[in-house]
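Q: Enclosed is the structure file coords_32.pdb (PDB, C-alpha atoms, pLDDT in the B column).
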ATOM      1  CA  MET L 142      84.697 115.422 172.044  1.00 65.00           C
ATOM      2  CA  ASP L 143      82.261 118.281 171.473  1.00 84.00           C
ATOM      3  CA  MET L 144      78.645 117.783 172.502  1.00 93.00           C
ATOM      4  CA  LEU L 145      75.585 119.782 171.495  1.00 93.00           C
ATOM      5  CA  LYS L 146      72.462 120.077 173.643  1.00 96.00           C
ATOM      6  CA  GLN L 147      69.338 122.110 172.970  1.00 97.00           C
ATOM      7  CA  LYS L 148      66.378 123.088 175.114  1.00 97.00           C
ATOM      8  CA  GLN L 149      63.311 125.178 174.339  1.00 97.00           C
ATOM      9  CA  PHE L 150      61.085 126.813 176.945  1.00 97.00           C
ATOM     10  CA  SER L 151      58.278 129.362 177.195  1.00 98.00           C
ATOM     11  CA  VAL L 152      58.020 132.518 179.251  1.00 98.00           C
ATOM     12  CA  ILE L 153      54.669 134.159 179.876  1.00 98.00           C
ATOM     13  CA  THR L 154      55.044 137.911 180.211  1.00 98.00           C
ATOM     14  CA  ASN L 155      52.757 140.401 181.914  1.00 97.00           C
ATOM     15  CA  GLY L 156      53.222 143.027 179.231  1.00 97.00           C
ATOM     16  CA  ARG L 157      56.040 145.499 178.874  1.00 97.00           C
ATOM     17  CA  SER L 158      58.735 144.544 181.378  1.00 97.00           C
ATOM     18  CA  THR L 159      62.012 142.699 181.844  1.00 97.00           C
ATOM     19  CA  ILE L 160      62.083 139.124 183.132  1.00 98.00           C
ATOM     20  CA  ASN L 161      65.269 137.586 184.504  1.00 98.00           C
ATOM     21  CA  ILE L 162      65.834 134.249 182.710  1.00 98.00           C
ATOM     22  CA  THR L 163      69.354 133.608 184.042  1.00 98.00           C
ATOM     23  CA  ARG L 164      68.184 130.684 186.216  1.00 97.00           C
ATOM     24  CA  ASP L 165      66.564 129.015 183.195  1.00 98.00           C
ATOM     25  CA  ILE L 166      69.874 129.296 181.350  1.00 98.00           C
ATOM     26  CA  GLU L 167      71.835 127.972 184.341  1.00 98.00           C
ATOM     27  CA  THR L 168      69.434 125.016 184.577  1.00 97.00           C
ATOM     28  CA  ALA L 169      69.871 124.207 180.884  1.00 98.00           C
ATOM     29  CA  ILE L 170      73.653 124.338 181.239  1.00 98.00           C
ATOM     30  CA  HIS L 171      73.560 122.083 184.306  1.00 97.00           C
ATOM     31  CA  GLU L 172      71.249 119.567 182.577  1.00 97.00           C
ATOM     32  CA  SER L 173      73.502 119.494 179.499  1.00 97.00           C
ATOM     33  CA  ASN L 174      76.515 118.192 181.499  1.00 97.00           C
ATOM     34  CA  ILE L 175      78.713 120.405 179.323  1.00 97.00           C
ATOM     35  CA  LYS L 176      81.559 121.828 181.419  1.00 97.00           C
ATOM     36  CA  ASN L 177      83.222 124.271 179.031  1.00 98.00           C
ATOM     37  CA  GLY L 178      81.924 125.805 175.820  1.00 98.00           C
ATOM     38  CA  LEU L 179      79.298 128.268 174.633  1.00 98.00           C
ATOM     39  CA  CYS L 180      75.645 128.827 175.425  1.00 98.00           C
ATOM     40  CA  HIS L 181      73.564 130.479 172.723  1.00 98.00           C
ATOM     41  CA  VAL L 182      70.158 131.932 173.692  1.00 98.00           C
ATOM     42  CA  PHE L 183      67.650 132.876 170.984  1.00 98.00           C
ATOM     43  CA  ILE L 184      64.160 134.407 171.258  1.00 98.00           C
ATOM     44  CA  HIS L 185      61.685 133.498 168.499  1.00 98.00           C
ATOM     45  CA  HIS L 186      59.871 136.846 168.298  1.00 98.00           C
ATOM     46  CA  THR L 187      60.104 140.276 166.662  1.00 97.00           C
ATOM     47  CA  SER L 188      58.525 142.303 169.465  1.00 98.00           C
ATOM     48  CA  ALA L 189      60.557 141.046 172.438  1.00 98.00           C
ATOM     49  CA  SER L 190      64.300 140.772 172.909  1.00 98.00           C
ATOM     50  CA  LEU L 191      67.166 139.590 175.087  1.00 98.00           C
ATOM     51  CA  ILE L 192      69.570 141.758 177.044  1.00 98.00           C
ATOM     52  CA  ILE L 193      72.451 141.278 179.455  1.00 98.00           C
ATOM     53  CA  THR L 194      72.341 143.896 182.175  1.00 97.00           C
ATOM     54  CA  GLU L 195      72.789 144.363 185.910  1.00 96.00           C
ATOM     55  CA  ASN L 196      70.871 141.881 188.022  1.00 94.00           C
ATOM     56  CA  ALA L 197      71.415 143.383 191.483  1.00 94.00           C
ATOM     57  CA  ASP L 198      69.450 146.632 191.248  1.00 94.00           C
ATOM     58  CA  SER L 199      66.057 146.648 189.513  1.00 92.00           C
ATOM     59  CA  LEU L 200      66.362 150.417 189.086  1.00 96.00           C
ATOM     60  CA  VAL L 201      68.651 149.651 186.151  1.00 96.00           C
ATOM     61  CA  GLN L 202      65.770 147.994 184.301  1.00 95.00           C
ATOM     62  CA  GLU L 203      63.473 150.901 185.199  1.00 96.00           C
ATOM     63  CA  ASP L 204      65.989 153.381 183.796  1.00 97.00           C
ATOM     64  CA  LEU L 205      66.386 151.299 180.622  1.00 97.00           C
ATOM     65  CA  ALA L 206      62.597 151.270 180.183  1.00 96.00           C
ATOM     66  CA  PHE L 207      62.452 155.044 180.711  1.00 97.00           C
ATOM     67  CA  PHE L 208      65.218 155.572 178.141  1.00 97.00           C
ATOM     68  CA  MET L 209      63.515 153.305 175.580  1.00 97.00           C
ATOM     69  CA  GLU L 210      60.142 155.029 176.096  1.00 96.00           C
ATOM     70  CA  LYS L 211      61.770 158.380 175.296  1.00 97.00           C
ATOM     71  CA  LEU L 212      63.631 156.963 172.294  1.00 97.00           C
ATOM     72  CA  VAL L 213      60.792 154.940 170.700  1.00 97.00           C
ATOM     73  CA  LYS L 214      57.300 156.279 171.335  1.00 96.00           C
ATOM     74  CA  ASP L 215      54.152 154.168 171.077  1.00 96.00           C
ATOM     75  CA  GLY L 216      51.570 155.341 168.567  1.00 95.00           C
ATOM     76  CA  ASP L 217      53.874 157.586 166.539  1.00 94.00           C
ATOM     77  CA  PRO L 218      51.680 158.808 163.655  1.00 94.00           C
ATOM     78  CA  ASN L 219      54.585 158.290 161.245  1.00 93.00           C
ATOM     79  CA  TYR L 220      54.465 154.498 161.740  1.00 94.00           C
ATOM     80  CA  ILE L 221      52.586 152.719 158.963  1.00 93.00           C
ATOM     81  CA  HIS L 222      52.527 149.288 160.635  1.00 94.00           C
ATOM     82  CA  ASP L 223      49.970 149.436 163.454  1.00 86.00           C
ATOM     83  CA  GLN L 224      47.801 146.358 162.838  1.00 88.00           C
ATOM     84  CA  GLU L 225      47.972 145.213 166.469  1.00 90.00           C
ATOM     85  CA  GLY L 226      47.695 148.590 168.156  1.00 92.00           C
ATOM     86  CA  PRO L 227      49.808 151.630 169.041  1.00 95.00           C
ATOM     87  CA  ASP L 228      52.578 149.519 170.603  1.00 95.00           C
ATOM     88  CA  ASP L 229      52.977 147.299 167.515  1.00 95.00           C
ATOM     89  CA  MET L 230      55.640 149.076 165.442  1.00 97.00           C
ATOM     90  CA  SER L 231      57.371 150.553 168.484  1.00 97.00           C
ATOM     91  CA  ALA L 232      57.822 147.003 169.837  1.00 97.00           C
ATOM     92  CA  HIS L 233      59.445 145.916 166.552  1.00 97.00           C
ATOM     93  CA  ILE L 234      61.810 148.905 166.610  1.00 97.00           C
ATOM     94  CA  ARG L 235      62.747 148.246 170.247  1.00 97.00           C
ATOM     95  CA  SER L 236      63.607 144.619 169.455  1.00 97.00           C
ATOM     96  CA  VAL L 237      65.775 145.685 166.504  1.00 97.00           C
ATOM     97  CA  LEU L 238      67.659 148.128 168.748  1.00 97.00           C
ATOM     98  CA  THR L 239      68.382 145.376 171.275  1.00 97.00           C
ATOM     99  CA  GLN L 240      69.080 141.684 170.521  1.00 96.00           C
ATOM    100  CA  SER L 241      67.306 138.501 169.517  1.00 98.00           C
ATOM    101  CA  GLU L 242      70.278 136.328 170.481  1.00 98.00           C
ATOM    102  CA  ILE L 243      73.035 136.231 173.078  1.00 98.00           C
ATOM    103  CA  THR L 244      76.085 133.969 173.410  1.00 98.00           C
ATOM    104  CA  ILE L 245      77.563 133.346 176.847  1.00 98.00           C
ATOM    105  CA  PRO L 246      80.638 131.320 177.824  1.00 98.00           C
ATOM    106  CA  VAL L 247      80.138 128.107 179.783  1.00 98.00           C
ATOM    107  CA  ARG L 248      82.868 127.676 182.392  1.00 97.00           C
ATOM    108  CA  HIS L 249      83.158 124.747 184.775  1.00 97.00           C
ATOM    109  CA  GLY L 250      79.520 123.772 184.090  1.00 97.00           C
ATOM    110  CA  HIS L 251      78.132 127.231 184.855  1.00 97.00           C
ATOM    111  CA  CYS L 252      76.992 130.313 182.989  1.00 96.00           C
ATOM    112  CA  GLY L 253      80.090 132.498 182.564  1.00 97.00           C
ATOM    113  CA  LEU L 254      78.408 135.834 183.318  1.00 97.00           C
ATOM    114  CA  GLY L 255      80.033 138.590 185.358  1.00 96.00           C
ATOM    115  CA  THR L 256      79.172 139.081 189.027  1.00 95.00           C
ATOM    116  CA  TRP L 257      76.406 141.634 188.447  1.00 96.00           C
ATOM    117  CA  GLN L 258      75.190 140.381 185.060  1.00 97.00           C
ATOM    118  CA  GLY L 259      71.896 138.680 184.306  1.00 98.00           C
ATOM    119  CA  VAL L 260      70.098 137.694 181.116  1.00 98.00           C
ATOM    120  CA  PHE L 261      66.659 139.238 180.716  1.00 98.00           C
ATOM    121  CA  LEU L 262      63.797 138.777 178.304  1.00 98.00           C
ATOM    122  CA  TRP L 263      62.591 142.290 177.474  1.00 98.00           C
ATOM    123  CA  GLU L 264      58.925 142.287 176.523  1.00 98.00           C
ATOM    124  CA  HIS L 265      58.193 145.289 174.291  1.00 98.00           C
ATOM    125  CA  ARG L 266      54.426 144.802 173.896  1.00 98.00           C
ATOM    126  CA  THR L 267      52.072 146.317 176.482  1.00 97.00           C
ATOM    127  CA  HIS L 268      49.900 143.170 176.755  1.00 96.00           C
ATOM    128  CA  PRO L 269      50.903 139.703 178.045  1.00 98.00           C
ATOM    129  CA  HIS L 270      52.459 137.259 175.581  1.00 98.00           C
ATOM    130  CA  GLN L 271      53.897 133.770 175.617  1.00 98.00           C
ATOM    131  CA  ARG L 272      57.477 133.879 174.347  1.00 98.00           C
ATOM    132  CA  GLN L 273      59.564 130.960 173.069  1.00 98.00           C
ATOM    133  CA  ILE L 274      63.280 130.760 173.780  1.00 98.00           C
ATOM    134  CA  THR L 275      65.788 128.196 172.500  1.00 98.00           C
ATOM    135  CA  ILE L 276      69.029 127.534 174.371  1.00 98.00           C
ATOM    136  CA  THR L 277      71.815 125.714 172.530  1.00 98.00           C
ATOM    137  CA  ILE L 278      74.866 124.610 174.501  1.00 98.00           C
ATOM    138  CA  GLN L 279      77.970 123.350 172.747  1.00 98.00           C
ATOM    139  CA  GLY L 280      81.217 122.217 174.275  1.00 98.00           C
ATOM    140  CA  GLU L 281      82.853 119.430 176.206  1.00 96.00           C
TER     141      GLU L 281
END
As structure tokens, how would this structure be written, given the file I've shared?
A:
Amino acid sequence: MDMLKQKQFSVITNGRSTINITRDIETAIHESNIKNGLCHVFIHHTSASLIITENADSLVQEDLAFFMEKLVKDGDPNYIHDQEGPDDMSAHIRSVLTQSEITIPVRHGHCGLGTWQGVFLWEHRTHPHQRQITITIQGE
């Protein structure tokens, strides 16, 4: 018999950075008592995103940030939408280039990520924000 469990939580960011939320996902899976199925993670924002990347070496996140800064510049004079400052439109573009949702397998009651994988909230704004995330776990 399939079960469905859902949990929402907040993450307070310190501005542009990546925050490892893998433990929050693991906790939600454990609390759901679902042993095998799927875990869907969704962020309710248009200027932050979710990524799966290496969790063992923080230099990976630094290199990703460097790459994104080169690709999508803050304060580009060609951007029309700048109501909240020079990082406004660039944050929206960065979130479109990444993901607002991720689906992960649940295996034996645990998050089915690879050995060096972690799930990160990627804050694209330069100032702190409170971000809402919904985790939905379905399975048996």
Q: Assuming the chain letters and numbering stay as they are in my file, what does the PyMOL selection byres ((chain L and resi 165) around 12) actually select? List them as a PyMOL selection string.
A: chain L and resi 148-152+160-164+166-172+180+182+251-252+259-262+274-276
Q: Extract, using only C-alpha atoms, all DNA, RNA and protein residues at most 12 Å from L:Tyr220, discarding same-chain residues fewer than 3 positions from it, and format them as a ChimeraX atom specification.
A: /L:213-217,223-224,226-234
Q: Can you spell out as a ChimeraX atom specification the set of residues that the PyMOL selection byres ((chain L and resi 177) around 8) selects in the structure I just provided?
A: /L:175-176,178-179,246-250,280-281
Q: Could you take the residues named above and write them with C-alpha atoms, as a tab-separated table (two decimals), keeping the file's coordinate frame?
A:
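Saved as selection.tsv:
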chain	number	residue	atom	x	y	z
L	175	ILE	CA	78.71	120.40	179.32
L	176	LYS	CA	81.56	121.83	181.42
L	178	GLY	CA	81.92	125.80	175.82
L	179	LEU	CA	79.30	128.27	174.63
L	246	PRO	CA	80.64	131.32	177.82
L	247	VAL	CA	80.14	128.11	179.78
L	248	ARG	CA	82.87	127.68	182.39
L	249	HIS	CA	83.16	124.75	184.78
L	250	GLY	CA	79.52	123.77	184.09
L	280	GLY	CA	81.22	122.22	174.28
L	281	GLU	CA	82.85	119.43	176.21
Q: Taking the file as shown, what set of residues would the PyMOL selection byres ((chain L and resi 155) around 10) give back, as a PyMOL selection string?
A: chain L and resi 152-154+156-160+264+266-271
Q: At what distance in Å, to one decimal, does atom CA of L:Ile221 lie from atom CA of L:Glu203?
A: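 Rounded to one decimal, the two atoms are 28.5 Å apart.
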Q: Rank L:Phe183, L:Ser241, L:Val201, L:Asn174 by their smallest atom-to-atom distance to L:Thr277, using all atoms listed in the file, and report the top residue only.
A: L:Phe183
Q: Distance atom CA of L:Ser188-atom CA of L:Arg272, one decimal place?
A: 9.8 Å
Q: I'd like the interatomic distance between atom CA of L:Leu145 and atom CA of L:Gln279, to a tenth of an Å.
A: 4.5 Å
Q: Let me make sure I understand: among L:Lys146, L:Arg235, L:His222, L:Lys211, which one has the smallest atom-to-atom distance to L:Ala189 if we use only C-alpha atoms?
A: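 The closest residue to L:Ala189 is L:Arg235.
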Q: So which one's closest to L:Gln258, L:Ser236, L:Gln273, L:Thr194, L:Asn219? Using all atoms listed in the file, please.
A: L:Thr194
Q: Return the single residue from L:Met144, L:Ile193, L:Leu205, L:Leu200 that is closest to L:Ile243, with distances computed using all atoms listed in the file.
A: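 Smallest distance to L:Ile243 is found for L:Ile193.
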